Every structure is written in structure tokens, then in C-alpha cells.
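**Q** You'll find structure_30.txt just under this line, and it carries compact mmCIF, C-alpha atoms.
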# COMPACT_ATOMS: atom_id res chain seq x y z
CA MET A 18 149.98 102.66 121.31
CA ARG A 19 150.59 106.07 122.84
CA PHE A 20 149.75 107.04 126.40
CA LEU A 21 150.48 110.74 126.94
CA GLY A 22 150.07 113.25 129.75
CA ASN A 23 149.60 112.98 133.47
CA ILE A 24 146.38 112.71 135.42
CA GLU A 25 145.87 112.98 139.16
CA ALA A 26 143.54 110.51 140.84
CA LYS A 27 142.79 108.81 144.16
CA THR A 28 142.60 105.24 145.32
CA ASP A 29 139.67 104.12 147.43
CA THR A 30 140.03 102.47 150.84
CA LYS A 31 140.48 99.05 149.21
CA GLY A 32 143.29 100.31 146.96
CA ARG A 33 141.22 100.45 143.77
CA ALA A 34 141.82 103.16 141.20
CA PHE A 35 139.99 104.24 138.06
CA LEU A 36 142.22 104.05 135.02
CA PRO A 37 141.81 107.50 133.41
CA ALA A 38 139.31 107.53 130.52
CA ALA A 39 141.93 108.80 128.05
CA PHE A 40 144.12 105.79 128.80
CA ARG A 41 141.18 103.36 128.71
CA LYS A 42 140.29 104.69 125.27
CA VAL A 43 143.82 103.93 124.00
CA LEU A 44 143.52 100.37 125.35
CA GLN A 45 140.11 99.90 123.73
CA MET A 46 141.31 101.24 120.37
CA ASN A 47 144.09 98.64 120.47
CA SER A 48 141.82 95.80 121.67
CA GLU A 49 143.81 95.40 124.90
CA GLU A 50 141.90 93.82 127.76
CA ARG A 51 144.58 92.86 130.24
CA LEU A 52 147.37 94.79 131.89
CA VAL A 53 150.53 93.74 133.67
CA LEU A 54 151.52 95.66 136.81
CA ARG A 55 155.12 95.79 137.97
CA LYS A 56 157.29 97.95 140.21
CA ASP A 57 159.59 100.04 138.06
CA VAL A 58 163.20 98.82 138.03
CA PHE A 59 164.74 102.29 138.57
CA GLN A 60 162.10 104.61 140.05
CA PRO A 61 159.76 104.44 143.07
CA CYS A 62 156.66 103.97 140.93
CA LEU A 63 154.53 101.23 139.39
CA VAL A 64 154.28 100.51 135.67
CA LEU A 65 151.21 99.29 133.82
CA TYR A 66 152.00 97.44 130.61
CA PRO A 67 149.29 96.51 128.12
CA GLU A 68 149.64 92.75 127.81
CA SER A 69 150.96 92.93 124.22
CA VAL A 70 153.65 95.44 125.24
CA TRP A 71 154.62 93.24 128.19
CA ASN A 72 154.91 90.22 125.91
CA GLU A 73 157.18 92.18 123.54
CA GLN A 74 159.37 93.23 126.49
CA MET A 75 159.63 89.63 127.66
CA ASP A 76 160.52 88.44 124.15
CA GLN A 77 163.22 91.11 123.83
CA MET A 78 164.64 90.29 127.24
CA ARG A 79 164.59 86.55 126.63
CA ALA A 80 166.39 87.04 123.30
CA ARG A 81 169.22 88.91 125.07
CA LEU A 82 169.60 86.45 127.93
CA ASN A 83 171.22 83.03 127.89
CA ARG A 84 169.08 80.33 129.52
CA TRP A 85 172.28 78.53 130.56
CA ASN A 86 173.73 81.50 132.42
CA ARG A 87 172.80 81.50 136.11
CA GLN A 88 172.78 85.29 136.50
CA HIS A 89 170.71 85.75 133.34
CA GLN A 90 168.15 83.27 134.66
CA GLN A 91 168.01 85.04 138.01
CA VAL A 92 167.48 88.42 136.36
CA PHE A 93 164.75 87.06 134.11
CA ARG A 94 163.05 85.23 136.99
CA GLN A 95 163.04 88.29 139.19
CA PHE A 96 161.77 90.52 136.39
CA VAL A 97 158.87 88.30 135.37
CA SER A 98 157.89 86.91 138.78
CA GLU A 99 157.28 90.28 140.42
CA VAL A 100 154.20 91.10 138.32
CA GLU A 101 150.44 91.12 138.72
CA LEU A 102 148.06 90.43 135.84
CA LEU A 103 145.11 92.87 135.91
CA THR A 104 141.78 93.24 134.18
CA LEU A 105 139.70 96.39 134.53
CA ASP A 106 136.26 95.92 136.04
CA GLY A 107 133.12 97.18 134.31
CA ASN A 108 133.70 100.67 135.74
CA GLY A 109 137.31 100.90 134.56
CA ARG A 110 138.79 100.21 137.99
CA PHE A 111 141.62 97.93 139.04
CA LEU A 112 143.08 96.94 142.38
CA ILE A 113 146.58 98.00 143.34
CA PRO A 114 147.66 95.19 145.70
CA LYS A 115 148.90 96.29 149.13
CA ARG A 116 152.46 95.11 148.50
CA TYR A 117 152.65 97.32 145.41
CA GLN A 118 151.20 100.25 147.32
CA ARG A 119 153.99 99.81 149.88
CA MET A 120 156.70 99.48 147.19
CA ALA A 121 155.66 102.77 145.55
CA GLU A 122 154.72 104.50 148.83
CA ILE A 123 151.18 105.03 147.54
CA GLU A 124 148.67 106.24 150.06
CA GLN A 125 145.60 107.74 148.41
CA ASP A 126 146.64 110.53 146.02
CA ILE A 127 148.22 109.14 142.88
CA LYS A 128 149.32 110.35 139.48
CA PHE A 129 149.07 108.40 136.23
CA VAL A 130 151.83 109.34 133.78
CA GLY A 131 151.62 108.28 130.15
CA MET A 132 155.01 107.04 128.98
CA GLY A 133 154.27 106.13 125.39
CA ASP A 134 153.56 102.40 125.46
CA THR A 135 153.26 102.13 129.26
CA ILE A 136 151.59 104.00 132.12
CA GLU A 137 153.39 104.87 135.35
CA ILE A 138 151.55 105.16 138.66
CA TRP A 139 153.16 107.45 141.21
CA SER A 140 152.31 108.62 144.69
CA ASN A 141 151.80 112.38 144.23
CA LYS A 142 154.61 113.09 146.70
CA LYS A 143 157.13 110.86 144.92
CA ALA A 144 156.13 112.19 141.48
CA GLU A 145 157.01 115.73 142.54
CA GLU A 146 160.34 114.62 144.03
CA GLN A 147 161.38 112.90 140.78
CA GLN A 148 160.78 115.87 138.46
CA MET A 149 163.84 117.63 137.08
CA LYS A 150 164.19 121.36 137.63
CA PRO A 151 163.25 123.27 134.44
CA ASP A 152 166.84 124.45 133.84
CA ASP A 153 168.24 120.94 134.34
CA PHE A 154 165.61 119.52 132.00
CA GLU A 155 166.48 122.09 129.33
CA VAL A 156 170.20 121.25 129.52
CA ALA A 157 169.62 117.49 129.51
CA LEU A 158 167.22 117.67 126.57
CA GLU A 159 169.65 119.81 124.60
CA GLU A 160 172.49 117.36 125.32
CA LEU A 161 170.38 114.37 124.30
CA MET A 162 168.70 115.83 121.24
CA GLY A 163 170.91 118.73 120.19
CA SER A 164 173.74 116.64 118.76
CA GLU A 165 171.29 114.44 116.85
CA ALA A 166 169.57 117.45 115.32
CA LYS A 167 172.93 118.82 114.17
CA SER A 168 173.80 115.56 112.41
CA GLU A 169 170.45 115.63 110.58
CA GLU A 170 171.13 119.10 109.11
Could I get this structure in the form of C-alpha cells?
**A**
Amino acid sequence: MRFLGNIEAKTDTKGRAFLPAAFRKVLQMNSEERLVLRKDVFQPCLVLYPESVWNEQMDQMRARLNRWNRQHQQVFRQFVSEVELLTLDGNGRFLIPKRYQRMAEIEQDIKFVGMGDTIEIWSNKKAEEQQMKPDDFEVALEELMGSEAKSEE
């Protein structure tokens, strides 16, 4: 499953948003009907997981955590309890609950960002603030990928 690109959109007065058609098509091609919404752990945005991707994430996390370790249980509980299960309506819309709108500082203008197997939802303002400067991006990408490319030669 590959969600790519970024698409600007708006929420209505009730907090509903249309999932972009390109992303809906990816879900349909993969027979995904339900999504899981969660606040991102590191960034001020929301993350939409197709249900199968969410289940894989939970399985991976559970495999790394010890059920008999108090901190591990607290981390797992907090991660899985702060989610909302969503289904798109017949028009391709879903509701972003008010508490999630507050967490991500979403007002009306939003941006959907395809992140491979997930979709991020940003307030337009926050999305711009989080972007790296082109020169910084170039340096970081070279540091991350440059050494790997050299070892492949």
C-alpha cells in the first residue's frame, strides 16, 4: 500500500473532511474499509492507518513489549487507547473528532500527506512549520542515503 503526495483540503463546520480520491483509490484497491486515527507520537499532526497496517503495527509493538513489565504495559495502553476507529461515509468523508482537531491545531485548512503506508493530516500552518529548508533537506538526505549508496557500489 503506497500513499504518496500531499493534498490540501478543508474541513466543514462539523469537522468532516473528504479523504482525497487518490488515497481512497489506494484503500479500495487493497480492500480496506476501516481506518484508525491517532495523534502522531512525535509531530503535531494526526495519522490515518488502514486497519491492516494498524494491526501490523500493534503486532510488532506487542512482540517487542513484555506484558509483565509495568512501563511496557503503560506505553502499549497509551498507544492503543488514544485511537479512533473510522469508516468513510458514502461520499468519502470522515469526522475528525474535536479532541483530535485540538491536538493537531486543526481549524479548517488541512493538508493530507501520503507517508507510504499511512496518511498524515496536518493543519496547513503546522505543515509549513515542520518542513525542512531545502539546503537542510539536501544535507540530511545525503547523510542518510549517501553512505548506503557508496557501500552498494
**Q** Counting only C-alpha atoms, what is within 8 Å of Leu82 (chain A), bar same-chain residues fewer than 5 positions away, as a list in words?
**A**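 Listed by chain and then number, they are His89, Gln90 and Phe93 of chain A.
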**Q** Need to verify the contact set: region 56-61 of chain A, 9 Å, only C-alpha atoms, exclusion of same-chain residues closer than 5 positions in sequence. Can you return it as JSON, numbers by chain?
**A** {"A": [96, 99, 100, 117, 120, 121, 122, 137, 139, 140, 143, 144, 147]}
**Q** Hey, can you check how far CA of Gly163 (chain A) sits from CA of Pro151 (chain A)?
**A**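 Here the two named atoms are 16.8 Å from each other.
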**Q** Need the axis-aligned box for region 36-54 of chain A with 5 Å each side, so what are the centre and edges in Å to one decimal, as lines of an AutoDock Vina configuration file?
**A**
center_x = 145.4
center_y = 100.8
center_z = 128.6
size_x = 22.2
size_y = 25.9
size_z = 26.4
**Q** For CA of Ile24 (chain A) and CA of Phe129 (chain A), quote the distance in Å rounded to one decimal.
**A** 5.1 Å
**Q** Separation of CA of Phe40 (chain A) and CA of Gln95 (chain A), in Å?
**A**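 According to the coordinates, CA of Phe40 (chain A) and CA of Gln95 (chain A) are separated by 27.8 Å.
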**Q** Could you give me, as a list in words, the residues that have an atom at most 9 Å away from the point (144.4, 103.6, 142.3) in the coordinates of the file, using all atoms listed in the file?
**A** Ala26, Lys27, Thr28, Asp29, Gly32, Arg33, Ala34, Phe35, Leu36, Arg110, Phe111, Leu112, Ile113, Ile123, Gln125, Asp126, Ile127, Lys128 and Ile138 of chain A
**Q** Determine, using all atoms listed in the file, which residues of region 122-147 of chain A have any atom at most 12 Å from an atom of region 70-75 of chain A, and tabulate each with its shortest atom pair and distance in Å to one decimal place, rows ordered by chain and then rising number, as JSON lines.
**A**
{"residue": "A:Gly133", "atom": "CA", "partner": "A:Val70", "partner_atom": "CA", "distance": 10.7}
{"residue": "A:Asp134", "atom": "CA", "partner": "A:Val70", "partner_atom": "CA", "distance": 7.0}
{"residue": "A:Thr135", "atom": "CA", "partner": "A:Val70", "partner_atom": "CA", "distance": 7.8}
{"residue": "A:Ile136", "atom": "CA", "partner": "A:Val70", "partner_atom": "CA", "distance": 11.2}
**Q** With distances taken over all atoms listed in the file, which of A:Arg19, A:Lys31, A:Arg55, A:Lys42 is nearest to Leu102 (chain A)?
**A**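 That would be A:Arg55, the residue with the smallest distance to Leu102 (chain A).
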**Q** Please identify all polymer residues within 10 Å of Glu68 (chain A), counting all atoms listed in the file, omitting same-chain residues fewer than 5 positions from it, and present them as a PDB file with C-alpha atoms, in the coordinates of the input.
**A**
ATOM      1  CA  GLU A  49     143.810  95.400 124.900  1.00  0.00           C
ATOM      2  CA  GLU A  50     141.900  93.820 127.760  1.00  0.00           C
ATOM      3  CA  ARG A  51     144.580  92.860 130.240  1.00  0.00           C
ATOM      4  CA  LEU A  52     147.370  94.790 131.890  1.00  0.00           C
ATOM      5  CA  VAL A  53     150.530  93.740 133.670  1.00  0.00           C
ATOM      6  CA  LEU A  54     151.520  95.660 136.810  1.00  0.00           C
ATOM      7  CA  GLU A  73     157.180  92.180 123.540  1.00  0.00           C
ATOM      8  CA  GLN A  74     159.370  93.230 126.490  1.00  0.00           C
ATOM      9  CA  LEU A 102     148.060  90.430 135.840  1.00  0.00           C
ATOM     10  CA  LEU A 103     145.110  92.870 135.910  1.00  0.00           C
TER      11      LEU A 103
END
**Q** Return the single residue from A:Lys142, A:Arg41, A:Asn86, A:Arg81 that is closest to Asp106 (chain A), with distances computed using all atoms listed in the file.
**A**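 So, comparing all the options, the nearest one is A:Arg41.
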**Q** Counting only C-alpha atoms, which of A:Arg79, A:Pro114, A:Leu158, A:Asn108 gets nearest to Arg94 (chain A)?
**A** A:Arg79
**Q** So, with all atoms listed in the file as the atoms that count, which of A:Val97, A:Val130, A:Cys62, A:Leu44 lies closest to Met78 (chain A)?
**A**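 Residue with the minimum atom-to-atom distance to Met78 (chain A): A:Val97.
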**Q** Please, can region 75-93 of chain A be completed to N, CA, C and O atoms and returned as a CSV table (one decimal), in the coordinates of the input?
**A**
chain,number,residue,atom,x,y,z
A,75,MET,N,159.1,90.9,127.2
A,75,MET,CA,159.6,89.6,127.7
A,75,MET,C,160.4,89.0,126.5
A,75,MET,O,161.4,88.3,126.7
A,76,ASP,N,159.9,89.0,125.3
A,76,ASP,CA,160.5,88.4,124.2
A,76,ASP,C,161.9,89.1,123.9
A,76,ASP,O,162.9,88.4,123.7
A,77,GLN,N,161.9,90.4,124.0
A,77,GLN,CA,163.2,91.1,123.8
A,77,GLN,C,164.2,90.7,124.9
A,77,GLN,O,165.4,90.5,124.6
A,78,MET,N,163.7,90.7,126.1
A,78,MET,CA,164.6,90.3,127.2
A,78,MET,C,165.1,88.9,127.1
A,78,MET,O,166.3,88.6,127.2
A,79,ARG,N,164.2,88.0,126.8
A,79,ARG,CA,164.6,86.6,126.6
A,79,ARG,C,165.6,86.4,125.5
A,79,ARG,O,166.6,85.6,125.6
A,80,ALA,N,165.5,87.1,124.4
A,80,ALA,CA,166.4,87.0,123.3
A,80,ALA,C,167.8,87.5,123.7
A,80,ALA,O,168.8,87.0,123.1
A,81,ARG,N,167.9,88.4,124.7
A,81,ARG,CA,169.2,88.9,125.1
A,81,ARG,C,169.9,88.1,126.2
A,81,ARG,O,171.1,88.2,126.4
A,82,LEU,N,169.1,87.2,126.8
A,82,LEU,CA,169.6,86.4,127.9
A,82,LEU,C,169.8,85.0,127.5
A,82,LEU,O,169.1,84.4,126.8
A,83,ASN,N,170.9,84.4,128.1
A,83,ASN,CA,171.2,83.0,127.9
A,83,ASN,C,170.6,82.2,129.0
A,83,ASN,O,170.8,82.3,130.2
A,84,ARG,N,169.8,81.2,128.6
A,84,ARG,CA,169.1,80.3,129.5
A,84,ARG,C,170.1,79.5,130.4
A,84,ARG,O,169.7,79.0,131.4
A,85,TRP,N,171.3,79.4,129.9
A,85,TRP,CA,172.3,78.5,130.6
A,85,TRP,C,173.3,79.4,131.4
A,85,TRP,O,174.3,78.8,131.9
A,86,ASN,N,172.9,80.6,131.6
A,86,ASN,CA,173.7,81.5,132.4
A,86,ASN,C,172.9,81.8,133.7
A,86,ASN,O,171.8,82.3,133.6
A,87,ARG,N,173.5,81.4,134.8
A,87,ARG,CA,172.8,81.5,136.1
A,87,ARG,C,172.3,82.9,136.4
A,87,ARG,O,171.2,83.1,136.8
A,88,GLN,N,173.2,83.9,136.2
A,88,GLN,CA,172.8,85.3,136.5
A,88,GLN,C,171.7,85.7,135.6
A,88,GLN,O,170.7,86.4,136.0
A,89,HIS,N,171.8,85.4,134.3
A,89,HIS,CA,170.7,85.8,133.3
A,89,HIS,C,169.4,85.2,133.8
A,89,HIS,O,168.3,85.8,133.7
A,90,GLN,N,169.4,83.9,134.2
A,90,GLN,CA,168.2,83.3,134.7
A,90,GLN,C,167.6,84.0,135.9
A,90,GLN,O,166.4,84.1,136.0
A,91,GLN,N,168.5,84.4,136.8
A,91,GLN,CA,168.0,85.0,138.0
A,91,GLN,C,167.4,86.4,137.7
A,91,GLN,O,166.4,86.8,138.2
A,92,VAL,N,168.0,87.1,136.8
A,92,VAL,CA,167.5,88.4,136.4
A,92,VAL,C,166.1,88.2,135.7
A,92,VAL,O,165.2,88.9,136.0
A,93,PHE,N,166.0,87.3,134.8
A,93,PHE,CA,164.8,87.1,134.1
A,93,PHE,C,163.7,86.6,135.1
A,93,PHE,O,162.6,87.1,135.1
